[in-house]
Amino acid sequence: AEPDIAELGRRMAGGRLDAQRLTRHYLDRIERIDPLLRAVIEVNPDALREARRLDAEPRRRGPLHGIPVLLKDVVETADRMHTTAGSLALEGLRPAADATVVTRLRAAGAVILGKTNLSEWAGGMSLTHHAGWSARGGQTRNPYKLDRSPNESSSGTAAAVAADLCAAGIGTETNGSIIDPASANCVVGVKPTVGLVGRGGVIPGVPSQDSVGPIARTVRDAAALLGALVGVDARDPATRAGRGRFHRDYTRFLAADGLRGARIGVPRQVYFGYSDHADEIAERAIDLLRDAGATVIDPADIPTAERLEDLPSSAVVQVYEVKRGLNAYLADAPGDHPRSLAELIAFNRAHADRELRYVRQDGLEAVHRLDFTEREYRQALAANHRLSRTEGIDAALRRHRLDALVMPTTGPPAKIDLIRGDTYSGGASTPAALAGYPAISVPAGFTFGLPVGLTFMGTAWSEPTLLRLAYAYERASRVRRPPRYRTPDVGL
């Protein structure tokens with residue numbers, strides 16, 4: 001059994017459980033199971049003390065009172081843990097303040113259990129995919145099949161949540177880094193609208209696309225966590241656009257019959273056809289959506305789908321924002337470490353036996369080498385937004401009067417290949433990533449024991465609608481099952 005956050009809360013409120021016992025339970029599971037997975041990069045040495053303090057409080061602090069949560073290792077905590085993005089260069093970095101999302105989690109009563117492994121520098125180090133590998137944390141493995149990739153940079157959080165090493169976790173996404181690992185690890189991942197959740201104190205990637213969001217075993221748990229994270233953040237100007245658009249309780253939008261009367265479109269072009277296995281699972285899911293009362297418009301293509309997948313303006317935006325964001329972060333972060341991208345590259349070369357053993361740093365080197373003017377950047381960002389928003393997702397929604405689009409999240413996870421890099425066949429993440437719009441991946445099925453997710457995608461600030469649809473689908477499909485930590489089979 002995998003009790004959800006609400007059930008754990010009821011047990012604590014009724015005196016059948018307390019935060020210390022629950023925290024100790026997860027710490028014990030991490031000690032027993034994580035050596036197989038390497039999903040947890042560091043355990044909070046003060047987790048039990050935090051839990052004890054919560055148990056001593058006369059009243060429950062908030063909706064996550066006593067709930068242990070793991071954070072991706074790009075989220076700053078002002079405690080005895082490090083914040084390193086998986087890099088040896090930042091070992092010892094102890095920020096002066098909690099990230100905004102950590103402040104909000106603590107205010108809601110959550111216990112910060114530890115940090116999770118990731119693709120080093122959130123996948124920005126290399127131009128090839130090495131999902132879940134970092135010099136500091138090693139290689140995270142998929143709990144459903146230990147030789148398979150955990151997919152994209154929030155892989156440690158997704159694998160830990162799937163393996164029940166925490167009640168829920170926090171990931172970040174620039175393009176696919178929440179929804180892809182959610183799909184590969186049979187959990188729920190929510191990539192919020194850019195501006196809904198503050199990113200103050202989170203190591204930056206591409207700020208026009210970066211989102212911080214929940215990864216959980218159920219849609220209800222993800223909704224509960226999202227409500228604790230949202231709000232205006234003085235350290236993140238993008239959240240000013242979210243004023244008046246966020247909700248403290250997203251669970252109130254959930255309804256078992258939430259698909260009845262919904263209009264859902266199927267964008268076939270680009271987002272189907274790259275994986276027969278993913279297509280087969282998605283077709284069954286689409287049939288279920290109809291059976292549950294949704295009107296399915298098929299096809300409902302995104303007019304700009306093909307252009308979005310290989311967009312020159314996307315590279316311009318990434319280089320411009322990563323270079324400035326990372327240089328500023330390294331310059332300001334406390335401690336003894338590289339103070340610029342150039343110094344970081346030099347550090348990696350000096351420690352090549354560990355930092356560059358498997359992964360080249362051609363991604364960091366390309367960002368350092370290339371440069372664009374502010375005018376070129378502004379034009380590129382405007383092109384990204386026009387093609388992904390007005391002429392992209394919004395055009396498809398408007399033309400067919402849709403509540404959301406639905407497609408397979410990505411194909412079944414490929415084998416880990418540290419020498420050549422992971423095989424990546426395709427996925428649903430790019431339109432919402434470039435637009436800064438929300439997307440939710442929900443478990444949809446298995447092929448040869450490997451999970452595949454279904455993505456619900458919508459316009460800006462449509463999280464209540466997407467959560468309602470995802471919850472109703474989850475209730476109707478009941479796909480999720482715990483992992484069995486299988487070892488490799490010949491031919492699979």
# chains A, B, ... in the order shown; residues from 1 in each chain; ligands from 1
$ residues_around --residues "stretch 35-51 of chain A" --least-positions-apart "4" --cutoff "6 Å" --atoms "only C-alpha atoms" --output "list in words"
Ala19, Gln20, Leu113, Gly114, Lys115, Thr116, Asn117, Gly137, Thr140, Arg141, Gly156 and Ala160 of chain A
$ residues_around --residues "A:Leu326" --least-positions-apart "6" --cutoff "8 Å" --atoms "only C-alpha atoms" --output "PyMOL selection string"
chain A and resi 203-205+340-341
$ residues_around --residues "stretch 270-274 of chain A" --least-positions-apart "2" --cutoff "8 Å" --atoms "only C-alpha atoms" --output "NGL selection string"
:A and (267-268 or 276 or 279 or 305-306 or 407-408 or 411 or 425-428)
$ write_last_selection --atoms "all heavy atoms" --output "compact mmCIF listing (two decimals), in the first residue's frame"
# COMPACT_ATOMS: atom_id res chain seq x y z
N PRO A 267 -3.21 16.04 -30.85
CA PRO A 267 -2.29 16.55 -31.87
C PRO A 267 -1.42 15.41 -32.40
O PRO A 267 -0.42 15.04 -31.81
CB PRO A 267 -1.46 17.59 -31.10
CG PRO A 267 -1.51 17.14 -29.68
CD PRO A 267 -2.77 16.35 -29.49
N ARG A 268 -1.81 14.85 -33.53
CA ARG A 268 -1.13 13.66 -34.07
C ARG A 268 0.23 14.00 -34.69
O ARG A 268 1.18 13.24 -34.55
CB ARG A 268 -2.00 13.02 -35.14
CG ARG A 268 -3.32 12.50 -34.58
CD ARG A 268 -3.42 11.01 -34.70
NE ARG A 268 -4.48 10.50 -33.85
CZ ARG A 268 -4.40 9.38 -33.17
NH1 ARG A 268 -3.29 8.68 -33.19
NH2 ARG A 268 -5.40 8.96 -32.42
N ASP A 276 5.88 3.04 -31.50
CA ASP A 276 4.67 2.21 -31.62
C ASP A 276 4.11 1.87 -30.25
O ASP A 276 2.89 1.81 -30.06
CB ASP A 276 4.99 0.92 -32.38
CG ASP A 276 5.30 1.17 -33.84
OD1 ASP A 276 4.95 2.25 -34.34
OD2 ASP A 276 5.90 0.28 -34.47
N ASP A 279 2.35 4.91 -28.82
CA ASP A 279 1.10 5.12 -29.56
C ASP A 279 0.00 4.17 -29.12
O ASP A 279 -1.16 4.56 -28.92
CB ASP A 279 1.35 4.93 -31.06
CG ASP A 279 2.10 6.09 -31.70
OD1 ASP A 279 2.37 7.08 -30.98
OD2 ASP A 279 2.42 5.99 -32.89
N ALA A 305 3.74 22.60 -35.11
CA ALA A 305 4.42 21.48 -34.43
C ALA A 305 5.79 21.17 -35.01
O ALA A 305 6.78 21.05 -34.28
CB ALA A 305 3.53 20.24 -34.46
N GLU A 306 5.87 21.04 -36.33
CA GLU A 306 7.14 20.66 -36.95
C GLU A 306 8.19 21.74 -36.78
O GLU A 306 9.37 21.46 -36.54
CB GLU A 306 6.93 20.32 -38.42
CG GLU A 306 6.18 19.00 -38.63
CD GLU A 306 6.17 18.58 -40.08
OE1 GLU A 306 6.35 19.45 -40.96
OE2 GLU A 306 5.97 17.37 -40.34
N MET A 407 -1.51 13.72 -25.45
CA MET A 407 -0.60 12.94 -26.29
C MET A 407 0.29 12.09 -25.39
O MET A 407 0.40 12.36 -24.19
CB MET A 407 0.26 13.86 -27.16
CG MET A 407 1.11 14.84 -26.42
SD MET A 407 0.29 16.39 -25.96
CE MET A 407 1.12 17.54 -27.04
N PRO A 408 0.93 11.04 -25.95
CA PRO A 408 1.88 10.29 -25.13
C PRO A 408 3.01 11.21 -24.67
O PRO A 408 3.46 12.07 -25.43
CB PRO A 408 2.40 9.19 -26.07
CG PRO A 408 2.07 9.65 -27.45
CD PRO A 408 0.86 10.52 -27.34
N GLY A 411 8.37 7.94 -25.24
CA GLY A 411 8.39 6.49 -25.39
C GLY A 411 8.86 5.78 -24.13
O GLY A 411 9.27 6.42 -23.16
N SER A 425 13.85 9.22 -28.23
CA SER A 425 13.09 9.04 -29.46
C SER A 425 12.12 10.18 -29.77
O SER A 425 11.74 10.38 -30.92
CB SER A 425 12.28 7.73 -29.38
OG SER A 425 11.43 7.72 -28.25
N GLY A 426 11.71 10.93 -28.77
CA GLY A 426 10.74 12.00 -29.01
C GLY A 426 9.83 12.15 -27.81
O GLY A 426 9.87 11.37 -26.87
N GLY A 427 8.99 13.20 -27.84
CA GLY A 427 8.09 13.41 -26.72
C GLY A 427 7.23 14.64 -26.89
O GLY A 427 7.27 15.32 -27.92
N ALA A 428 6.47 14.95 -25.84
CA ALA A 428 5.42 15.96 -25.91
C ALA A 428 5.83 17.31 -25.36
O ALA A 428 5.05 18.25 -25.41
CB ALA A 428 4.20 15.45 -25.11
$ select_by_dssp --residues "stretch 6-196 of chain A" --states "strand (DSSP E)" --output "number ranges by chain"
A: 40-43, 68-72, 111-116, 133-134, 138-139, 168-173, 188-191
$ write_last_selection --atoms "C-alpha atoms" --output "PDB file, in the first residue's frame"
ATOM      1  CA  VAL A  40      19.007  10.443  -3.387  1.00  0.00           C
ATOM      2  CA  ILE A  41      22.197  12.491  -3.536  1.00  0.00           C
ATOM      3  CA  GLU A  42      22.093  13.594   0.109  1.00  0.00           C
ATOM      4  CA  VAL A  43      19.906  13.036   3.176  1.00  0.00           C
ATOM      5  CA  PRO A  68       8.594  14.278   4.107  1.00  0.00           C
ATOM      6  CA  VAL A  69       9.562  15.812   0.748  1.00  0.00           C
ATOM      7  CA  LEU A  70      12.694  15.382  -1.392  1.00  0.00           C
ATOM      8  CA  LEU A  71      14.109  18.271  -3.463  1.00  0.00           C
ATOM      9  CA  LYS A  72      16.018  18.198  -6.736  1.00  0.00           C
ATOM     10  CA  VAL A 111       9.837  17.912   6.414  1.00  0.00           C
ATOM     11  CA  ILE A 112      12.735  18.474   3.998  1.00  0.00           C
ATOM     12  CA  LEU A 113      14.053  14.926   3.738  1.00  0.00           C
ATOM     13  CA  GLY A 114      17.000  15.442   1.392  1.00  0.00           C
ATOM     14  CA  LYS A 115      18.183  16.235  -2.142  1.00  0.00           C
ATOM     15  CA  THR A 116      17.830  14.091  -5.254  1.00  0.00           C
ATOM     16  CA  TRP A 133      24.083  11.050 -14.282  1.00  0.00           C
ATOM     17  CA  SER A 134      26.109  13.511 -12.255  1.00  0.00           C
ATOM     18  CA  GLY A 138      26.579   8.840 -10.075  1.00  0.00           C
ATOM     19  CA  GLN A 139      23.919   7.216 -12.277  1.00  0.00           C
ATOM     20  CA  ALA A 168       6.376  13.488  -2.762  1.00  0.00           C
ATOM     21  CA  GLY A 169       9.136  15.485  -4.411  1.00  0.00           C
ATOM     22  CA  ILE A 170      10.092  18.687  -6.188  1.00  0.00           C
ATOM     23  CA  GLY A 171      11.493  18.769  -9.717  1.00  0.00           C
ATOM     24  CA  THR A 172      12.325  21.477 -12.232  1.00  0.00           C
ATOM     25  CA  GLU A 173      11.734  21.598 -15.967  1.00  0.00           C
ATOM     26  CA  VAL A 188       2.580  12.169 -11.851  1.00  0.00           C
ATOM     27  CA  GLY A 189       4.564  15.246 -12.876  1.00  0.00           C
ATOM     28  CA  VAL A 190       3.203  18.793 -13.038  1.00  0.00           C
ATOM     29  CA  LYS A 191       5.078  21.458 -15.017  1.00  0.00           C
TER      30      LYS A 191
END
$ residues_around --residues "stretch 431-439 of chain A" --least-positions-apart "3" --cutoff "8 Å" --atoms "only C-alpha atoms" --output "mmCIF file with all heavy atoms, in the first residue's frame"
data_model
loop_
_atom_site.group_PDB
_atom_site.id
_atom_site.type_symbol
_atom_site.label_atom_id
_atom_site.label_comp_id
_atom_site.auth_asym_id
_atom_site.auth_seq_id
_atom_site.Cartn_x
_atom_site.Cartn_y
_atom_site.Cartn_z
ATOM 1 N N THR A 174 12.965 22.624 -17.757
ATOM 2 C CA THR A 174 13.190 23.594 -18.826
ATOM 3 C C THR A 174 12.529 23.097 -20.105
ATOM 4 O O THR A 174 11.809 23.838 -20.771
ATOM 5 C CB THR A 174 14.693 23.831 -19.057
ATOM 6 O OG1 THR A 174 15.279 24.300 -17.839
ATOM 7 C CG2 THR A 174 14.933 24.843 -20.157
ATOM 8 N N ASN A 175 12.750 21.824 -20.424
ATOM 9 C CA ASN A 175 12.051 21.183 -21.551
ATOM 10 C C ASN A 175 12.010 19.679 -21.293
ATOM 11 O O ASN A 175 12.956 18.976 -21.620
ATOM 12 C CB ASN A 175 12.753 21.493 -22.872
ATOM 13 C CG ASN A 175 11.950 21.036 -24.081
ATOM 14 O OD1 ASN A 175 11.028 20.232 -23.962
ATOM 15 N ND2 ASN A 175 12.302 21.531 -25.258
ATOM 16 N N GLY A 176 10.955 19.210 -20.669
ATOM 17 C CA GLY A 176 10.758 17.781 -20.458
ATOM 18 C C GLY A 176 11.257 17.228 -19.148
ATOM 19 O O GLY A 176 11.052 16.046 -18.856
ATOM 20 N N ILE A 179 8.051 16.175 -16.817
ATOM 21 C CA ILE A 179 7.064 15.239 -17.363
ATOM 22 C C ILE A 179 7.715 13.974 -17.924
ATOM 23 O O ILE A 179 7.134 12.887 -17.831
ATOM 24 C CB ILE A 179 6.127 15.904 -18.391
ATOM 25 C CG1 ILE A 179 6.865 16.374 -19.645
ATOM 26 C CG2 ILE A 179 5.350 17.045 -17.751
ATOM 27 C CD1 ILE A 179 5.912 16.837 -20.764
ATOM 28 N N VAL A 190 3.891 17.560 -12.649
ATOM 29 C CA VAL A 190 3.203 18.793 -13.038
ATOM 30 C C VAL A 190 4.234 19.860 -13.358
ATOM 31 O O VAL A 190 5.020 20.256 -12.486
ATOM 32 C CB VAL A 190 2.270 19.304 -11.919
ATOM 33 C CG1 VAL A 190 1.594 20.603 -12.346
ATOM 34 C CG2 VAL A 190 1.225 18.256 -11.555
ATOM 35 N N LYS A 191 4.265 20.306 -14.622
ATOM 36 C CA LYS A 191 5.078 21.458 -15.017
ATOM 37 C C LYS A 191 4.154 22.678 -15.050
ATOM 38 O O LYS A 191 3.315 22.802 -15.938
ATOM 39 C CB LYS A 191 5.691 21.247 -16.400
ATOM 40 C CG LYS A 191 6.595 22.419 -16.818
ATOM 41 C CD LYS A 191 6.805 22.475 -18.309
ATOM 42 C CE LYS A 191 5.827 23.368 -19.015
ATOM 43 N NZ LYS A 191 6.111 24.813 -18.874
ATOM 44 N N PRO A 192 4.246 23.567 -14.072
ATOM 45 C CA PRO A 192 3.319 24.706 -14.026
ATOM 46 C C PRO A 192 3.639 25.785 -15.072
ATOM 47 O O PRO A 192 4.730 25.808 -15.645
ATOM 48 C CB PRO A 192 3.517 25.266 -12.611
ATOM 49 C CG PRO A 192 4.301 24.238 -11.868
ATOM 50 C CD PRO A 192 5.110 23.508 -12.898
ATOM 51 N N THR A 193 2.684 26.659 -15.264
ATOM 52 C CA THR A 193 2.907 27.867 -16.055
ATOM 53 C C THR A 193 4.083 28.648 -15.473
ATOM 54 O O THR A 193 4.177 28.800 -14.248
ATOM 55 C CB THR A 193 1.656 28.761 -16.021
ATOM 56 O OG1 THR A 193 0.517 28.011 -16.447
ATOM 57 C CG2 THR A 193 1.823 29.991 -16.908
ATOM 58 N N VAL A 194 4.975 29.137 -16.324
ATOM 59 C CA VAL A 194 6.061 29.987 -15.843
ATOM 60 C C VAL A 194 5.452 31.232 -15.191
ATOM 61 O O VAL A 194 4.657 31.940 -15.811
ATOM 62 C CB VAL A 194 7.007 30.380 -16.996
ATOM 63 C CG1 VAL A 194 8.036 31.409 -16.523
ATOM 64 C CG2 VAL A 194 7.716 29.146 -17.547
ATOM 65 N N SER A 208 13.165 31.892 -19.152
ATOM 66 C CA SER A 208 11.892 32.079 -19.857
ATOM 67 C C SER A 208 11.108 30.777 -19.955
ATOM 68 O O SER A 208 9.918 30.788 -20.289
ATOM 69 C CB SER A 208 12.136 32.654 -21.260
ATOM 70 O OG SER A 208 12.852 31.736 -22.077
ATOM 71 N N GLN A 209 11.757 29.641 -19.657
ATOM 72 C CA GLN A 209 11.102 28.336 -19.721
ATOM 73 C C GLN A 209 11.086 27.600 -18.381
ATOM 74 O O GLN A 209 10.267 26.689 -18.193
ATOM 75 C CB GLN A 209 11.812 27.434 -20.747
ATOM 76 C CG GLN A 209 11.769 27.971 -22.160
ATOM 77 C CD GLN A 209 12.568 27.129 -23.141
ATOM 78 O OE1 GLN A 209 12.984 27.604 -24.190
ATOM 79 N NE2 GLN A 209 12.799 25.864 -22.839
ATOM 80 N N ASP A 210 11.959 27.940 -17.452
ATOM 81 C CA ASP A 210 12.114 27.156 -16.219
ATOM 82 C C ASP A 210 10.849 27.159 -15.371
ATOM 83 O O ASP A 210 10.251 28.210 -15.122
ATOM 84 C CB ASP A 210 13.251 27.721 -15.366
ATOM 85 C CG ASP A 210 14.621 27.512 -15.976
ATOM 86 O OD1 ASP A 210 14.741 26.717 -16.922
ATOM 87 O OD2 ASP A 210 15.577 28.148 -15.492
ATOM 88 N N ALA A 305 3.739 22.596 -35.111
ATOM 89 C CA ALA A 305 4.420 21.484 -34.428
ATOM 90 C C ALA A 305 5.786 21.174 -35.015
ATOM 91 O O ALA A 305 6.777 21.051 -34.283
ATOM 92 C CB ALA A 305 3.533 20.241 -34.455
ATOM 93 N N LEU A 308 8.467 23.866 -34.338
ATOM 94 C CA LEU A 308 8.895 23.982 -32.942
ATOM 95 C C LEU A 308 10.002 23.004 -32.584
ATOM 96 O O LEU A 308 10.798 23.258 -31.672
ATOM 97 C CB LEU A 308 7.700 23.749 -32.001
ATOM 98 C CG LEU A 308 6.594 24.797 -32.009
ATOM 99 C CD1 LEU A 308 5.448 24.367 -31.100
ATOM 100 C CD2 LEU A 308 7.127 26.160 -31.577
ATOM 101 N N SER A 314 15.162 28.954 -30.672
ATOM 102 C CA SER A 314 15.237 28.267 -29.387
ATOM 103 C C SER A 314 16.679 28.183 -28.892
ATOM 104 O O SER A 314 16.967 28.401 -27.704
ATOM 105 C CB SER A 314 14.642 26.863 -29.509
ATOM 106 O OG SER A 314 14.734 26.170 -28.281
ATOM 107 N N ASN A 384 9.880 32.424 -30.420
ATOM 108 C CA ASN A 384 9.507 31.254 -29.609
ATOM 109 C C ASN A 384 8.076 31.369 -29.115
ATOM 110 O O ASN A 384 7.279 30.426 -29.228
ATOM 111 C CB ASN A 384 10.425 31.141 -28.378
ATOM 112 C CG ASN A 384 11.759 30.497 -28.694
ATOM 113 O OD1 ASN A 384 12.081 30.226 -29.836
ATOM 114 N ND2 ASN A 384 12.546 30.255 -27.651
ATOM 115 N N HIS A 385 7.743 32.520 -28.537
ATOM 116 C CA HIS A 385 6.416 32.698 -27.937
ATOM 117 C C HIS A 385 5.321 32.740 -28.999
ATOM 118 O O HIS A 385 4.257 32.150 -28.820
ATOM 119 C CB HIS A 385 6.401 33.971 -27.097
ATOM 120 C CG HIS A 385 7.142 33.824 -25.799
ATOM 121 N ND1 HIS A 385 7.494 34.892 -25.007
ATOM 122 C CD2 HIS A 385 7.608 32.718 -25.153
ATOM 123 C CE1 HIS A 385 8.127 34.455 -23.927
ATOM 124 N NE2 HIS A 385 8.215 33.146 -24.004
ATOM 125 N N SER A 388 4.882 29.093 -30.415
ATOM 126 C CA SER A 388 4.402 28.090 -29.462
ATOM 127 C C SER A 388 3.076 28.484 -28.820
ATOM 128 O O SER A 388 2.271 27.609 -28.476
ATOM 129 C CB SER A 388 5.453 27.860 -28.365
ATOM 130 O OG SER A 388 5.715 29.058 -27.654
ATOM 131 N N ARG A 389 2.820 29.777 -28.696
ATOM 132 C CA ARG A 389 1.588 30.257 -28.036
ATOM 133 C C ARG A 389 0.517 30.584 -29.075
ATOM 134 O O ARG A 389 -0.316 29.758 -29.396
ATOM 135 C CB ARG A 389 1.910 31.503 -27.191
ATOM 136 C CG ARG A 389 2.816 31.254 -26.004
ATOM 137 C CD ARG A 389 3.141 32.573 -25.297
ATOM 138 N NE ARG A 389 4.001 32.383 -24.129
ATOM 139 C CZ ARG A 389 4.447 33.380 -23.368
ATOM 140 N NH1 ARG A 389 4.133 34.644 -23.661
ATOM 141 N NH2 ARG A 389 5.219 33.127 -22.316
ATOM 142 N N GLY A 392 0.542 28.381 -32.003
ATOM 143 C CA GLY A 392 0.778 26.995 -31.626
ATOM 144 C C GLY A 392 -0.337 26.410 -30.771
ATOM 145 O O GLY A 392 -1.421 26.104 -31.263
ATOM 146 N N ILE A 393 -0.064 26.275 -29.461
ATOM 147 C CA ILE A 393 -1.039 25.659 -28.552
ATOM 148 C C ILE A 393 -2.359 26.408 -28.565
ATOM 149 O O ILE A 393 -3.439 25.808 -28.710
ATOM 150 C CB ILE A 393 -0.462 25.608 -27.115
ATOM 151 C CG1 ILE A 393 0.740 24.664 -27.049
ATOM 152 C CG2 ILE A 393 -1.533 25.171 -26.115
ATOM 153 C CD1 ILE A 393 1.504 24.711 -25.735
ATOM 154 N N ALA A 428 6.470 14.946 -25.841
ATOM 155 C CA ALA A 428 5.423 15.956 -25.908
ATOM 156 C C ALA A 428 5.834 17.310 -25.360
ATOM 157 O O ALA A 428 5.052 18.253 -25.413
ATOM 158 C CB ALA A 428 4.200 15.452 -25.111
ATOM 159 N N THR A 455 0.291 12.905 -21.465
ATOM 160 C CA THR A 455 0.399 14.322 -21.122
ATOM 161 C C THR A 455 -0.874 15.080 -21.475
ATOM 162 O O THR A 455 -1.391 14.964 -22.592
ATOM 163 C CB THR A 455 1.601 14.970 -21.836
ATOM 164 O OG1 THR A 455 2.808 14.545 -21.190
ATOM 165 C CG2 THR A 455 1.548 16.490 -21.797
ATOM 166 N N PHE A 456 -1.352 15.850 -20.502
ATOM 167 C CA PHE A 456 -2.417 16.829 -20.713
ATOM 168 C C PHE A 456 -1.761 18.203 -20.759
ATOM 169 O O PHE A 456 -1.023 18.573 -19.844
ATOM 170 C CB PHE A 456 -3.442 16.783 -19.572
ATOM 171 C CG PHE A 456 -4.251 15.523 -19.523
ATOM 172 C CD1 PHE A 456 -3.764 14.395 -18.882
ATOM 173 C CD2 PHE A 456 -5.505 15.461 -20.117
ATOM 174 C CE1 PHE A 456 -4.508 13.227 -18.820
ATOM 175 C CE2 PHE A 456 -6.255 14.293 -20.070
ATOM 176 C CZ PHE A 456 -5.757 13.173 -19.422
ATOM 177 N N MET A 457 -2.023 18.961 -21.823
ATOM 178 C CA MET A 457 -1.365 20.248 -22.049
ATOM 179 C C MET A 457 -2.422 21.316 -22.326
ATOM 180 O O MET A 457 -3.412 21.049 -23.019
ATOM 181 C CB MET A 457 -0.413 20.130 -23.245
ATOM 182 C CG MET A 457 0.450 21.332 -23.522
ATOM 183 S SD MET A 457 1.522 21.031 -24.971
ATOM 184 C CE MET A 457 2.559 19.684 -24.381
ATOM 185 N N GLY A 458 -2.203 22.526 -21.791
ATOM 186 C CA GLY A 458 -3.189 23.583 -21.995
ATOM 187 C C GLY A 458 -2.554 24.953 -22.105
ATOM 188 O O GLY A 458 -1.331 25.092 -22.184
ATOM 189 N N THR A 459 -3.399 25.971 -22.069
ATOM 190 C CA THR A 459 -2.928 27.348 -22.174
ATOM 191 C C THR A 459 -2.429 27.832 -20.821
ATOM 192 O O THR A 459 -2.477 27.109 -19.817
ATOM 193 C CB THR A 459 -4.058 28.255 -22.690
ATOM 194 O OG1 THR A 459 -3.516 29.535 -23.049
ATOM 195 C CG2 THR A 459 -5.154 28.447 -21.639
ATOM 196 N N ALA A 460 -1.930 29.062 -20.788
ATOM 197 C CA ALA A 460 -1.395 29.617 -19.545
ATOM 198 C C ALA A 460 -2.437 29.596 -18.438
ATOM 199 O O ALA A 460 -3.627 29.845 -18.677
ATOM 200 C CB ALA A 460 -0.922 31.053 -19.784
ATOM 201 N N TRP A 461 -1.994 29.260 -17.234
ATOM 202 C CA TRP A 461 -2.785 29.293 -16.004
ATOM 203 C C TRP A 461 -3.941 28.288 -15.998
ATOM 204 O O TRP A 461 -4.895 28.442 -15.238
ATOM 205 C CB TRP A 461 -3.334 30.698 -15.728
ATOM 206 C CG TRP A 461 -2.387 31.795 -16.065
ATOM 207 C CD1 TRP A 461 -2.513 32.703 -17.085
ATOM 208 C CD2 TRP A 461 -1.147 32.106 -15.400
ATOM 209 N NE1 TRP A 461 -1.431 33.549 -17.105
ATOM 210 C CE2 TRP A 461 -0.576 33.218 -16.087
ATOM 211 C CE3 TRP A 461 -0.471 31.555 -14.310
ATOM 212 C CZ2 TRP A 461 0.642 33.778 -15.706
ATOM 213 C CZ3 TRP A 461 0.743 32.119 -13.937
ATOM 214 C CH2 TRP A 461 1.278 33.214 -14.619
ATOM 215 N N SER A 462 -3.866 27.257 -16.834
ATOM 216 C CA SER A 462 -4.983 26.290 -16.906
ATOM 217 C C SER A 462 -4.766 25.085 -16.000
ATOM 218 O O SER A 462 -5.389 24.042 -16.194
ATOM 219 C CB SER A 462 -5.186 25.822 -18.357
ATOM 220 O OG SER A 462 -4.057 25.122 -18.848
ATOM 221 N N GLU A 463 -3.927 25.210 -14.981
ATOM 222 C CA GLU A 463 -3.675 24.094 -14.053
ATOM 223 C C GLU A 463 -4.942 23.512 -13.454
ATOM 224 O O GLU A 463 -5.054 22.269 -13.367
ATOM 225 C CB GLU A 463 -2.710 24.536 -12.939
ATOM 226 C CG GLU A 463 -1.273 24.655 -13.367
ATOM 227 C CD GLU A 463 -0.910 25.969 -14.030
ATOM 228 O OE1 GLU A 463 -1.824 26.807 -14.233
ATOM 229 O OE2 GLU A 463 0.267 26.164 -14.351
ATOM 230 N N LEU A 466 -6.413 21.208 -16.149
ATOM 231 C CA LEU A 466 -5.553 20.055 -16.435
ATOM 232 C C LEU A 466 -5.564 19.058 -15.277
ATOM 233 O O LEU A 466 -5.600 17.839 -15.496
ATOM 234 C CB LEU A 466 -4.130 20.512 -16.729
ATOM 235 C CG LEU A 466 -3.930 21.428 -17.938
ATOM 236 C CD1 LEU A 466 -2.447 21.733 -18.133
ATOM 237 C CD2 LEU A 466 -4.516 20.815 -19.206
#
$ residues_around --residues "stretch 413-416 of chain A" --least-positions-apart "3" --cutoff "12 Å" --atoms "only C-alpha atoms" --output "ChimeraX atom specification"
/A:129-133,139-152,155,180-186,275,277-278,358,409-410,419-427,446-453,487-489,491-492
$ residues_around --residues "stretch 90-98 of chain A" --least-positions-apart "4" --cutoff "12 Å" --atoms "only C-alpha atoms" --output "PyMOL selection string"
chain A and resi 41-42+71+73-86+102-107+112+120-121+135-137+199-203+235+329-330+332-340+343-344+347-348
